[in-house]
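Q: What follows is a structure written as structure tokens; I'll ask about it next.
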4 protein chains.
Amino acid sequence: MSEPVNKDRAESGRVEAFSDGVFAIAITLLVLELHAPDDKHGLWHGLIHDEWPQFAAYLTSFAIIGIMWVNHHSMFSSIIRIDRPLLFLNLFLLLWMSLLPFPTSLVAKYLDHGGTNAAVAEAIYGANLTLAAIAFSLIWMRAVRGGRLTGVPMARRAEWAAIGRFSVGTFVYAATIGLAFAYAPAALAVQFLLAVYYAFEQITA
Amino acid sequence: MSEPVNKDRAESGRVEAFSDGVFAIAITLLVLELHAPDDKHGLWHGLIHDEWPQFAAYLTSFAIIGIMWVNHHSMFSSIIRIDRPLLFLNLFLLLWMSLLPFPTSLVAKYLDHGGTNAAVAEAIYGANLTLAAIAFSLIWMRAVRGGRLTGVPMARRAEWAAIGRFSVGTFVYAATIGLAFAYAPAALAVQFLLAVYYAFEQITA
Amino acid sequence: MSEPVNKDRAESGRVEAFSDGVFAIAITLLVLELHAPDDKHGLWHGLIHDEWPQFAAYLTSFAIIGIMWVNHHSMFSSIIRIDRPLLFLNLFLLLWMSLLPFPTSLVAKYLDHGGTNAAVAEAIYGANLTLAAIAFSLIWMRAVRGGRLTGVPMARRAEWAAIGRFSVGTFVYAATIGLAFAYAPAALAVQFLLAVYYAFEQITA
Amino acid sequence: MSEPVNKDRAESGRVEAFSDGVFAIAITLLVLELHAPDDKHGLWHGLIHDEWPQFAAYLTSFAIIGIMWVNHHSMFSSIIRIDRPLLFLNLFLLLWMSLLPFPTSLVAKYLDHGGTNAAVAEAIYGANLTLAAIAFSLIWMRAVRGGRLTGVPMARRAEWAAIGRFSVGTFVYAATIGLAFAYAPAALAVQFLLAVYYAFEQITA
């Protein structure tokens, strides 16, 4: 295996910098969806009673973007060559990351309405997460298999293990789309717990 | 040709970092123009029936800023010396990138109104894209020809080919300004497709 | 002690870059909570008479995020190895940094209402700062003691002195939660002065 | 003069990165102050007739932040050592940069109201610029004289010339505070032209 040339390193660096920017901005913009309540029944009552969905949604999205950043970080620290397809797969991931504040605001607004609107809001949120998880898998497959962009060839077994772990996430997120129509808050709870799981379970060995 | 000194590398690095910041922020701020619909007719109906223009505009602007970032990235990876005119041409490009969320919001708001307002919104959007494309050409001309800032001298032919490819983009974007007055949604579709085209057609050989 | 490998340096660099992004965005988003007053009694009167709490809250949050960035910077310049727990402790700190604009907006809106609402707004603001200070201590403890991630072993005494200085901050911030219920503007003043104190008193020797 | 150690380089790099972040975010957030007009008299009429002040203010602030970034860039490319006072002077500059979108929104809202409100809005805008210019001078003085942080000692003459050029800017910005009370649009025009002047006149020789 040849030593990666400096230019590749620099390109990888700039992709990481741009991605870090998008992750950092998306995670910080979430706060703009939090609104100070009116003081009809007092501030404390307004925050706890009327606005709990916006905090639940905020925390879940923060955890998800944060953990996806950590894993993006792990993944790209083993990618040493960037090709154009990888750039666009990465953009595809960033699309779902930077869009996430919108479904978050839908959940924040509609979760305690119950009924179809709560289900639709949560299902859209779950769909966004599923698409992000798919984007993640595609980047990893491109890097490890198609493009051999990682420098260090992975053992067949480790490769499949990593892809397996991604797939689990993708299927769980996809399942929450259905769960949303049964009971929307449960779907949000599963999404949050999956993020916590990914915090402890490293994707790339 | 002499080896570029480290200081030039560092300066180029900081221009790229600032540019990446502006691209990353502009692409992520687009989400703030997406608004949760009222629930008069239900959330799903509101999203699909009333708010499709905001999703069409979001996706188009995301694609355009994303691809312009990829191409900015390609362009600056072959620029190794930065002079002051290049800094200001780059600022001129960043002006149109960071302004883009505003015409995007005009299109999101007015595209389904039809009539003159839809046309004006789309034409302003097209004008913004045209000016961004012109800024791109000016940066490239300065880098390749005037300032010889690329280190590797390009063949005359490759130079003209690159400039030719830029010009096509500029003319197509300019043409959408006129098309907007014929049928505004068609103009938006052309702008989206041109972005997709640029994703597959690399500007700098 | 072995020389840290380049990869650790690079990882530390990317954590710093992501953190810098979140700090920079949070500090700059604060401005979005400042609203132009109506001109019922004239602009000047509106700004001075009705909107002083939003400027007091803005300045305090700017000072706090700014100084926390400076100290984060000092802290990470002596951390040369990043492990996964440190990544998540850092995320925990970034959570409170990127959430801060929300309690800031509560203080801006409710501080001059007096009564329970002013107290609750200020207490929530104080709770956010306390949690940020705790996160800071946890990062430092992990880096210095648990994980020995700093490369240069600190003297026992210097270590404790640094932890002591953190604890003071944490307790003072916690005390402002109580103070808020006595007199909310005094709590905000103490929070501002503590930030100024930290500007002059370096945390990491 | 000894060679600066790598650690100083790295610290200078992180200050630049954080500053770049704040500059990039502030310049991009300006777009959020642009609002799509209502369609009472048609979109085009609304944009040109009612909203020209918001475009004038946007363009002026974009030019000012952009040029200040370019000059910050020039300045820090000759600063090789960072000390704590410099960090805080830099934060003081970033305060005025990240606050600028607020006075920009005041000018956008009140410039065409005429009378005292237009004057107050413009004067506050001018005061913000004056304070930013003062912060710039203080950074430069600290770097060149007090702290000798530039590595290359400047000739006495060049030093004074640079400080002279800064002072001119500071005085012109201060003068626009007064001019605002005579004719507010003229004050905005002078502020814009001064930014253009600084684009052509490099501050640090």
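Identifiers in the structure tokens: chain A, B, ... in order shown; residue index from 1 per chain; ligand index from 1 in order shown.
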Hey, could you make a per-residue contact list for chain C against chain D with 10 Å as the cut-off, showing the nearest pair of atoms and its distance in Å to one decimal, counting only C-alpha atoms, sorted by chain and number, as a Markdown table?
A:
```
| residue | atom | partner | partner_atom | distance |
| --- | --- | --- | --- | --- |
| C:Gly13 | CA | D:Arg14 | CA | 9.1 |
| C:Glu16 | CA | D:Arg14 | CA | 8.1 |
| C:Ala17 | CA | D:Ala17 | CA | 7.6 |
| C:Ser19 | CA | D:Phe18 | CA | 9.4 |
| C:Asp20 | CA | D:Phe18 | CA | 5.6 |
| C:Gly21 | CA | D:Gly21 | CA | 6.4 |
| C:Val22 | CA | D:Gly21 | CA | 9.2 |
| C:Phe23 | CA | D:Phe18 | CA | 8.1 |
| C:Ala24 | CA | D:Val22 | CA | 5.2 |
| C:Ile25 | CA | D:Ile25 | CA | 6.6 |
| C:Ala26 | CA | D:Val22 | CA | 9.5 |
| C:Ile27 | CA | D:Ser98 | CA | 7.7 |
| C:Thr28 | CA | D:Ser98 | CA | 5.2 |
| C:Leu29 | CA | D:Leu29 | CA | 8.2 |
| C:Leu30 | CA | D:Ser98 | CA | 8.5 |
| C:Val31 | CA | D:Leu99 | CA | 5.9 |
| C:Leu32 | CA | D:Phe102 | CA | 7.7 |
| C:Glu33 | CA | D:Phe102 | CA | 9.3 |
| C:Leu34 | CA | D:Phe102 | CA | 6.6 |
| C:His35 | CA | D:Phe102 | CA | 7.5 |
| C:Ala36 | CA | D:Leu106 | CA | 5.9 |
| C:Pro37 | CA | D:Leu106 | CA | 8.6 |
| C:Asp38 | CA | D:Lys109 | CA | 9.8 |
| C:Asp39 | CA | D:Asn117 | CA | 7.9 |
| C:Gly42 | CA | D:Asn117 | CA | 6.4 |
| C:Leu43 | CA | D:Asn117 | CA | 5.5 |
| C:Trp44 | CA | D:Val120 | CA | 6.7 |
| C:Tyr58 | CA | D:Leu99 | CA | 9.3 |
| C:Leu59 | CA | D:Leu95 | CA | 8.8 |
| C:Phe62 | CA | D:Leu95 | CA | 7.4 |
| C:Ala63 | CA | D:Leu91 | CA | 8.8 |
| C:Gly66 | CA | D:Leu91 | CA | 6.8 |
| C:Ile67 | CA | D:Phe88 | CA | 8.4 |
| C:Trp69 | CA | D:Phe18 | CA | 9.0 |
| C:Val70 | CA | D:Leu87 | CA | 7.5 |
| C:His73 | CA | D:Arg14 | CA | 7.9 |
| C:Ser74 | CA | D:Glu11 | CA | 9.0 |
| C:Ser77 | CA | D:Glu11 | CA | 7.7 |
| C:Ala199 | CA | D:Phe88 | CA | 7.9 |
| C:Phe200 | CA | D:Arg84 | CA | 8.8 |
| C:Gln202 | CA | D:Arg84 | CA | 9.1 |
```
Q: Which residues come within 7 Å of region 177-182 of chain B, counting only C-alpha atoms, excluding same-chain residues fewer than 3 positions away, as a list in words?
A: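 Residues near the query, excluding close chain neighbours: Ala119, Glu122, Ala123, Gly126, Ala127, Ala174 and Ala187 of chain B.
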Q: Please produce a file of the residues just selected, as a compact mmCIF listing (two decimals), in the first residue's frame, where the atoms kept are N, CA, C and O atoms.
A:
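Result saved to again-v5.txt:
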```txt
# COMPACT_ATOMS: atom_id res chain seq x y z
N ALA B 119 -43.43 35.14 -11.34
CA ALA B 119 -42.41 35.41 -12.34
C ALA B 119 -41.29 36.28 -11.78
O ALA B 119 -40.10 36.00 -11.98
N GLU B 122 -39.10 34.25 -9.31
CA GLU B 122 -38.22 33.33 -10.03
C GLU B 122 -37.13 34.07 -10.79
O GLU B 122 -35.98 33.61 -10.87
N ALA B 123 -37.48 35.21 -11.38
CA ALA B 123 -36.49 35.98 -12.15
C ALA B 123 -35.39 36.51 -11.23
O ALA B 123 -34.21 36.50 -11.59
N GLY B 126 -33.19 33.64 -10.48
CA GLY B 126 -32.31 33.38 -11.62
C GLY B 126 -31.20 34.42 -11.74
O GLY B 126 -30.07 34.10 -12.10
N ALA B 127 -31.52 35.68 -11.43
CA ALA B 127 -30.52 36.75 -11.49
C ALA B 127 -29.43 36.49 -10.46
O ALA B 127 -28.23 36.65 -10.74
N ALA B 174 -28.89 32.77 -16.98
CA ALA B 174 -29.44 34.04 -17.47
C ALA B 174 -30.74 33.79 -18.25
O ALA B 174 -31.70 34.56 -18.14
N ALA B 187 -38.75 27.42 -15.01
CA ALA B 187 -37.46 28.05 -14.77
C ALA B 187 -36.76 27.41 -13.56
O ALA B 187 -35.56 27.12 -13.60
```
Q: Could you check the closest approach to Gln191 (chain B) for each of B:Ile139, B:Ile163, B:Ala175, B:Leu131 and tell me which residue wins, using only C-alpha atoms?
A: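 Smallest separation from Gln191 (chain B) among the options: B:Ala175.
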Q: Just the number, please: distance in Å from CA of Asn71 (chain D) to CA of Phe136 (chain D), one decimal.
A: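 Distance reported for this atom pair: 9.3 Å.
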